[in-house]
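Okay, so here's the structure we're looking at.
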Amino acid sequence: MKAPRIWEQVACDDEVATRLEQELQVSPVMARLLSIRGFDDTTRARQFLAPSLTDLYDPFALTDMLPAVERILAAIARKERVAIHGDYDVDGVTSTVILRRALELLGADVVHFIPERIRDGYGLQPAALQRLHAEGVRLVISVDCGIRAAEAADRATALGLDLIITDHHEPDTALPRALAVINPKRHDCPYPDKNLAGVGVALKLVQALCLRSGRTSWLPAFVKIAAIGTLADVVPLVGENRIIAKLGLGMLSSGPHKVGLRSLLDVCGLTGKEIDSYNIGFMVAPRINAAGRMSTPDLAARLLLASDETMADEARLLAEQLNTENLRRQQEEADIVAQAKKIVETDLEVGSRTVIVVAGDGWHRGVIGIVASKLVDAFHRPVIVLSIDGDVAHGSCRSIPSFNMLGALESCGEVMTKFGGHKQAAGLTIESRRIRELRARVNGHADTLLQPDDLRPRLWIDGTLAFRSIGSQVASELATLAPFGAGNPCPVFRTSRVEIVDGPRVLKERHLKMAFKQDGRILRGIAWRASEREGFVTEHKAAIDLAFSLEQDTWNGEKYLQLSVADFKAPEA
């Protein structure tokens with residue numbers, strides 16, 4: 001099982017922090033957090049705290065953007081049929097939605113195609129291009145896929161289809177042959193922000209089309225949909241991703257919305273509420289994802305494309321269907337997680353290795369990615385989860401920060417029939433008979449790179465914060481750092497020798513609720529998913545060290561501060 005976490009202090013340049021405190025007139029806590037995040041001048045720090053759409057880079061700085069825009073506008077002028085080819089996750093669905101809506105507003109004859117996970121497989125496939133060509137399509141634009149689809153690109157050429165690829169995944173050595181390939185990760189692309197999600201790249205194409213057609217006032221409506229895909233794809237929330245996420249969340253909170261998005265937020269219980277990254281990651285995104293995981297991703301696309309008020313009844317039904325599919329997904333996921341954990345804990349060939357490679361017959365391919373993430377959380381090791389379907393197995397991979405999963409797959413690429421993805425998340429297809437070989441090869445690679453200490457989870461501490469220093473200024477300043485996520489984690493502080501004056505009480509069989517006292521001040525808090533530590537906490541009620549974040553909760557319309565406890569330690573002597 002996962003070892004206790006190492007509390008590790010994040011390095012900070014104290015001179016920079018002092019200067020930022022003076023120049024920005026912020027608290028020492030805020031100045032330290034900005035310095036930790038790499039800000040050494042006030043201009044960049046202010047832009048980070050209060051981003052604007054004018055801070056977005058010129059989209060034409062992306063290689064191949066100009067020929068792509070010119071070809072799209074020519075297709076609109078000539079009334080050619082255009083198809084958007086998406087992907088079945090939240091990033092791909094939101095990419096499809098914003099580009100289709102932009103082209104419709106520009107007067108295009110446009111359709112979309114999102115592959116179904118089981119029937120069509122992942123990514124841009126020759127068969128899909130054949131189908132679109134037969135339907136009269138003359139221009140295909142991929143979103144969130146295609147960067148390694150050399151075979152599909154060659155088929156497009158053979159069919160006389162023009163193909164524009166927009167993607168954010170890592171390219172292969174050679175790019176597919178297409179009219180345009182827009183990807184900031186292209187080795188020859190000078191674009192300054194390499195971290196965009198697929199929907200971020202699609203938004204840059206929409207931004208370029210808006211600029212070229214004099215429709216820049218349209219952009220904000222696309223940004224709020226792009227924020228959903230950006231937050232769901234867990235890309236670093238810095239640079240343009242932060243601009244998209246922060247401004248998009250503001251617009252999602254304030255409205256107004258088209259009927260489809262309104263119905264989705266309503267079924268999530270978010271109508272009229274301030275929407276944050278947690279709401280997107282754990283309420284909105286899972287429902288959109290459930291369509292592609294359990295049914296057809298077109299359910300989610302149709303819902304988000306619904307804009308006419310006469311579609312209110314249909315939109316409500318679609319939103320309720322997504323809700324139902326998400327409940328089904330949760331049950332399927334829980335069953336497979338339980339099976340996979342049992343294998344890891346009882347089968348030495350699986351559980352004793354550095355990289356967990358676990359497989360099961362008939363495991364639902366729509367949820368194995370989530371299962372892999374849950375296993376990483378449980379064991380703090382890289383994980384590959386495989387669903388066996390006869391002679392073929394489909395796998396989903398998730399990793400820990402110190403291990404490049406895509407690099408590991410590349411080290412044994414000949415074992416698989418197909419693979420691709422990122423350093424932290426990837427997918428693969430393999431012959432079932434070669435699963436043991438994959439386990440051996442991936443672990444051989446990992447064992448040369450990882451040390452035992454790499455497999456111990458770390459809790460990164462941003463600094464010490466005593467209860468007496470937690471005031472309204474610190475709380476309001478921390479709120480401006482949001483949204484939190486990859487690249488901009490929620491700040492975690494530590495404090496020592498805190499007394500527990502109420503609790504701990506187990507909440508919903510999973511969490512611990514309690515009240516803490518230090519230097520005469522009492523703050524309430526919750527330790528999420530920590531019920532198994534009730535005995536330890538009770539033992540140290542008189543004095544315990546905390547690692548915590550600050551969060552605002554609301555009760556009866558009143559906002560108050562509470563601690564979100566990340567970890568406990570016995571106080572040092």
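A note on labels: chains of the structure tokens are A, B, ... as shown, every chain counts residues from 1, and ligands are counted from 1 in their shown order.
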
- Neighbours of A:Ala570 within 7 Å (only C-alpha atoms; same-chain residues fewer than 4 positions away dropped), as an MDAnalysis selection string? chainID A and resid 540 544:545

- Would you return as a ChimeraX atom specification the members of stretch 426-552 of chain A that DSSP assigns to alpha helix (DSSP H) on this structure's backbone? /A:435-449,472-481,534-539

Those residues with N, CA, C and O atoms, as a short mmCIF file (atom, residue, chain, number, x, y, z; two decimals), in the first residue's frame please?
data_model
loop_
_atom_site.label_atom_id
_atom_site.label_comp_id
_atom_site.auth_asym_id
_atom_site.auth_seq_id
_atom_site.Cartn_x
_atom_site.Cartn_y
_atom_site.Cartn_z
N ILE A 435 0.65 -9.38 -23.01
CA ILE A 435 0.51 -8.52 -21.82
C ILE A 435 1.66 -8.76 -20.84
O ILE A 435 2.24 -7.81 -20.30
N ARG A 436 2.02 -10.02 -20.60
CA ARG A 436 3.11 -10.30 -19.67
C ARG A 436 4.43 -9.71 -20.19
O ARG A 436 5.25 -9.21 -19.41
N GLU A 437 4.61 -9.77 -21.51
CA GLU A 437 5.82 -9.19 -22.11
C GLU A 437 5.83 -7.68 -21.90
O GLU A 437 6.87 -7.09 -21.57
N LEU A 438 4.67 -7.04 -22.09
CA LEU A 438 4.57 -5.60 -21.85
C LEU A 438 4.92 -5.28 -20.40
O LEU A 438 5.69 -4.34 -20.12
N ARG A 439 4.38 -6.08 -19.46
CA ARG A 439 4.66 -5.84 -18.03
C ARG A 439 6.17 -5.92 -17.77
O ARG A 439 6.74 -5.07 -17.07
N ALA A 440 6.81 -6.93 -18.35
CA ALA A 440 8.25 -7.11 -18.12
C ALA A 440 9.05 -5.97 -18.74
O ALA A 440 9.97 -5.42 -18.11
N ARG A 441 8.70 -5.59 -19.96
CA ARG A 441 9.47 -4.55 -20.66
C ARG A 441 9.30 -3.17 -20.01
O ARG A 441 10.28 -2.43 -19.83
N VAL A 442 8.07 -2.82 -19.69
CA VAL A 442 7.82 -1.51 -19.07
C VAL A 442 8.51 -1.43 -17.71
O VAL A 442 9.10 -0.41 -17.35
N ASN A 443 8.46 -2.53 -16.96
CA ASN A 443 9.11 -2.51 -15.65
C ASN A 443 10.62 -2.52 -15.76
O ASN A 443 11.31 -1.90 -14.94
N GLY A 444 11.14 -3.19 -16.76
CA GLY A 444 12.58 -3.14 -16.99
C GLY A 444 13.04 -1.71 -17.26
O GLY A 444 14.08 -1.27 -16.74
N HIS A 445 12.25 -1.00 -18.04
CA HIS A 445 12.55 0.41 -18.33
C HIS A 445 12.45 1.24 -17.05
O HIS A 445 13.33 2.05 -16.75
N ALA A 446 11.36 1.04 -16.29
CA ALA A 446 11.12 1.85 -15.08
C ALA A 446 12.19 1.60 -14.02
O ALA A 446 12.62 2.53 -13.33
N ASP A 447 12.62 0.36 -13.89
CA ASP A 447 13.58 0.02 -12.84
C ASP A 447 14.95 0.67 -13.06
O ASP A 447 15.72 0.83 -12.11
N THR A 448 15.24 1.07 -14.30
CA THR A 448 16.50 1.76 -14.56
C THR A 448 16.39 3.25 -14.26
O THR A 448 17.41 3.93 -14.15
N LEU A 449 15.17 3.76 -14.13
CA LEU A 449 14.96 5.21 -13.98
C LEU A 449 14.49 5.63 -12.60
O LEU A 449 14.79 6.74 -12.14
N SER A 472 -8.92 38.13 6.79
CA SER A 472 -9.73 38.35 5.59
C SER A 472 -8.86 38.69 4.39
O SER A 472 -9.17 38.31 3.26
N GLN A 473 -7.72 39.41 4.61
CA GLN A 473 -6.86 39.76 3.48
C GLN A 473 -6.25 38.51 2.87
O GLN A 473 -6.27 38.34 1.64
N VAL A 474 -5.73 37.63 3.70
CA VAL A 474 -5.13 36.39 3.19
C VAL A 474 -6.17 35.57 2.45
O VAL A 474 -5.92 35.04 1.35
N ALA A 475 -7.38 35.45 3.02
CA ALA A 475 -8.43 34.66 2.38
C ALA A 475 -8.81 35.21 1.02
O ALA A 475 -8.95 34.47 0.05
N SER A 476 -8.97 36.54 0.92
CA SER A 476 -9.37 37.14 -0.37
C SER A 476 -8.24 37.06 -1.38
O SER A 476 -8.47 36.85 -2.58
N GLU A 477 -7.01 37.19 -0.92
CA GLU A 477 -5.88 37.08 -1.84
C GLU A 477 -5.75 35.66 -2.39
O GLU A 477 -5.49 35.48 -3.58
N LEU A 478 -5.94 34.67 -1.53
CA LEU A 478 -5.86 33.29 -2.00
C LEU A 478 -6.91 33.01 -3.06
O LEU A 478 -6.67 32.26 -4.01
N ALA A 479 -8.08 33.63 -2.92
CA ALA A 479 -9.15 33.42 -3.91
C ALA A 479 -8.75 33.91 -5.29
O ALA A 479 -9.16 33.35 -6.31
N THR A 480 -7.91 34.97 -5.34
CA THR A 480 -7.50 35.49 -6.65
C THR A 480 -6.52 34.56 -7.35
O THR A 480 -6.31 34.67 -8.56
N LEU A 481 -5.89 33.64 -6.61
CA LEU A 481 -4.98 32.68 -7.24
C LEU A 481 -5.72 31.61 -8.02
O LEU A 481 -5.16 30.96 -8.89
N GLU A 534 -8.91 7.90 11.75
CA GLU A 534 -9.62 8.39 12.93
C GLU A 534 -8.86 8.03 14.21
O GLU A 534 -8.74 8.87 15.12
N GLY A 535 -8.34 6.82 14.30
CA GLY A 535 -7.63 6.40 15.51
C GLY A 535 -6.39 7.24 15.76
O GLY A 535 -6.13 7.68 16.89
N PHE A 536 -5.60 7.48 14.71
CA PHE A 536 -4.38 8.29 14.85
C PHE A 536 -4.72 9.70 15.30
O PHE A 536 -4.08 10.27 16.20
N VAL A 537 -5.74 10.30 14.69
CA VAL A 537 -6.12 11.67 15.03
C VAL A 537 -6.61 11.74 16.47
O VAL A 537 -6.26 12.66 17.23
N THR A 538 -7.41 10.77 16.87
CA THR A 538 -7.92 10.74 18.24
C THR A 538 -6.78 10.64 19.25
O THR A 538 -6.77 11.29 20.29
N GLU A 539 -5.78 9.82 18.91
CA GLU A 539 -4.63 9.62 19.79
C GLU A 539 -3.87 10.92 20.02
O GLU A 539 -3.27 11.13 21.09
#

Could you pull the residues within 9 Å of A:Ile275, counting only C-alpha atoms, minus those fewer than 6 positions along the same chain, as a PDB file with N, CA and C atoms, in the first residue's frame?
ATOM      1  N   LEU A 249     -14.584  30.482 -16.227  1.00  0.00           N
ATOM      2  CA  LEU A 249     -15.336  30.187 -15.004  1.00  0.00           C
ATOM      3  C   LEU A 249     -16.174  31.387 -14.582  1.00  0.00           C
ATOM      4  N   GLY A 250     -15.622  32.576 -14.749  1.00  0.00           N
ATOM      5  CA  GLY A 250     -16.395  33.780 -14.417  1.00  0.00           C
ATOM      6  C   GLY A 250     -17.650  33.881 -15.267  1.00  0.00           C
ATOM      7  N   LEU A 252     -19.138  31.343 -16.835  1.00  0.00           N
ATOM      8  CA  LEU A 252     -20.011  30.221 -16.492  1.00  0.00           C
ATOM      9  C   LEU A 252     -20.813  30.533 -15.236  1.00  0.00           C
ATOM     10  N   SER A 253     -20.210  31.273 -14.318  1.00  0.00           N
ATOM     11  CA  SER A 253     -20.895  31.625 -13.073  1.00  0.00           C
ATOM     12  C   SER A 253     -21.950  32.703 -13.292  1.00  0.00           C
ATOM     13  N   SER A 254     -21.654  33.659 -14.161  1.00  0.00           N
ATOM     14  CA  SER A 254     -22.540  34.826 -14.315  1.00  0.00           C
ATOM     15  C   SER A 254     -23.633  34.638 -15.349  1.00  0.00           C
TER      16      SER A 254
END

- Task: Check the smallest atom-to-atom distance from each of A:Asp89, A:Glu345, A:Glu532, A:Glu21 to A:Pro504 using only C-alpha atoms, then report the winner.
- Result: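 Among the listed residues, the smallest separation from A:Pro504 belongs to A:Glu532.
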
- Query: Mind checking DSSP for stretch 104-179 of chain A and telling me the strand (DSSP E) residues as a list in words?
  - Reply: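 Across stretch 104-179 of chain A, those assigned strand (DSSP E) are Asp109, Val110, Val111, His112, Phe113, Val137, Arg138, Leu139, Val140, Ile141, Ser142, Val143, Asp162, Leu163, Ile164, Ile165 and Thr166 of chain A.
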
With N, CA and C atoms kept, could you save the residues just selected as a CSV table (one decimal), in the first residue's frame?
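That gives us result_24.csv:
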chain,number,residue,atom,x,y,z
A,109,ASP,N,-21.5,25.2,-44.3
A,109,ASP,CA,-22.2,24.0,-44.4
A,109,ASP,C,-21.4,23.0,-43.6
A,110,VAL,N,-21.7,22.8,-42.3
A,110,VAL,CA,-20.8,22.0,-41.4
A,110,VAL,C,-21.5,20.9,-40.7
A,111,VAL,N,-20.8,19.8,-40.6
A,111,VAL,CA,-21.3,18.7,-39.8
A,111,VAL,C,-20.2,18.3,-38.9
A,112,HIS,N,-20.5,17.4,-37.9
A,112,HIS,CA,-19.4,16.9,-37.0
A,112,HIS,C,-19.5,15.4,-36.9
A,113,PHE,N,-18.3,14.8,-36.6
A,113,PHE,CA,-18.2,13.4,-36.3
A,113,PHE,C,-17.3,13.2,-35.1
A,137,VAL,N,-18.4,15.5,-47.9
A,137,VAL,CA,-17.5,16.4,-47.3
A,137,VAL,C,-16.3,16.6,-48.1
A,138,ARG,N,-15.8,17.9,-48.2
A,138,ARG,CA,-14.6,18.2,-49.0
A,138,ARG,C,-13.5,18.7,-48.1
A,139,LEU,N,-13.8,19.1,-46.9
A,139,LEU,CA,-12.7,19.6,-46.0
A,139,LEU,C,-13.0,19.0,-44.6
A,140,VAL,N,-12.0,18.3,-44.0
A,140,VAL,CA,-12.1,17.8,-42.6
A,140,VAL,C,-11.2,18.5,-41.7
A,141,ILE,N,-11.7,18.9,-40.6
A,141,ILE,CA,-10.8,19.6,-39.6
A,141,ILE,C,-10.8,18.7,-38.3
A,142,SER,N,-9.7,18.2,-37.9
A,142,SER,CA,-9.7,17.4,-36.7
A,142,SER,C,-9.4,18.3,-35.5
A,143,VAL,N,-10.0,17.9,-34.4
A,143,VAL,CA,-9.8,18.6,-33.1
A,143,VAL,C,-9.4,17.6,-32.0
A,162,ASP,N,-9.3,17.6,-48.4
A,162,ASP,CA,-8.4,18.4,-47.7
A,162,ASP,C,-8.5,18.2,-46.2
A,163,LEU,N,-7.4,18.1,-45.5
A,163,LEU,CA,-7.4,17.7,-44.1
A,163,LEU,C,-6.6,18.8,-43.3
A,164,ILE,N,-7.2,19.4,-42.3
A,164,ILE,CA,-6.6,20.3,-41.4
A,164,ILE,C,-6.5,19.6,-40.0
A,165,ILE,N,-5.4,19.4,-39.4
A,165,ILE,CA,-5.2,18.7,-38.1
A,165,ILE,C,-5.0,19.8,-37.1
A,166,THR,N,-5.8,19.8,-36.0
A,166,THR,CA,-5.5,20.6,-34.8
A,166,THR,C,-5.4,19.6,-33.7

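Proximity to A:Val344 was assessed for A:Phe379, A:Phe568, A:Trp460, A:Phe39 counting only C-alpha atoms; the smallest distance is recorded for A:Phe379.
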
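Summary of the local environment: counting only C-alpha atoms, residues at most 7 Å from stretch 518-526 of chain A, other than itself and those fewer than 5 positions away along its chain, are Phe467, Val498, Glu499, His511, Leu512, Lys513, Gln562, Leu563, Ser564 and Val565 of chain A.
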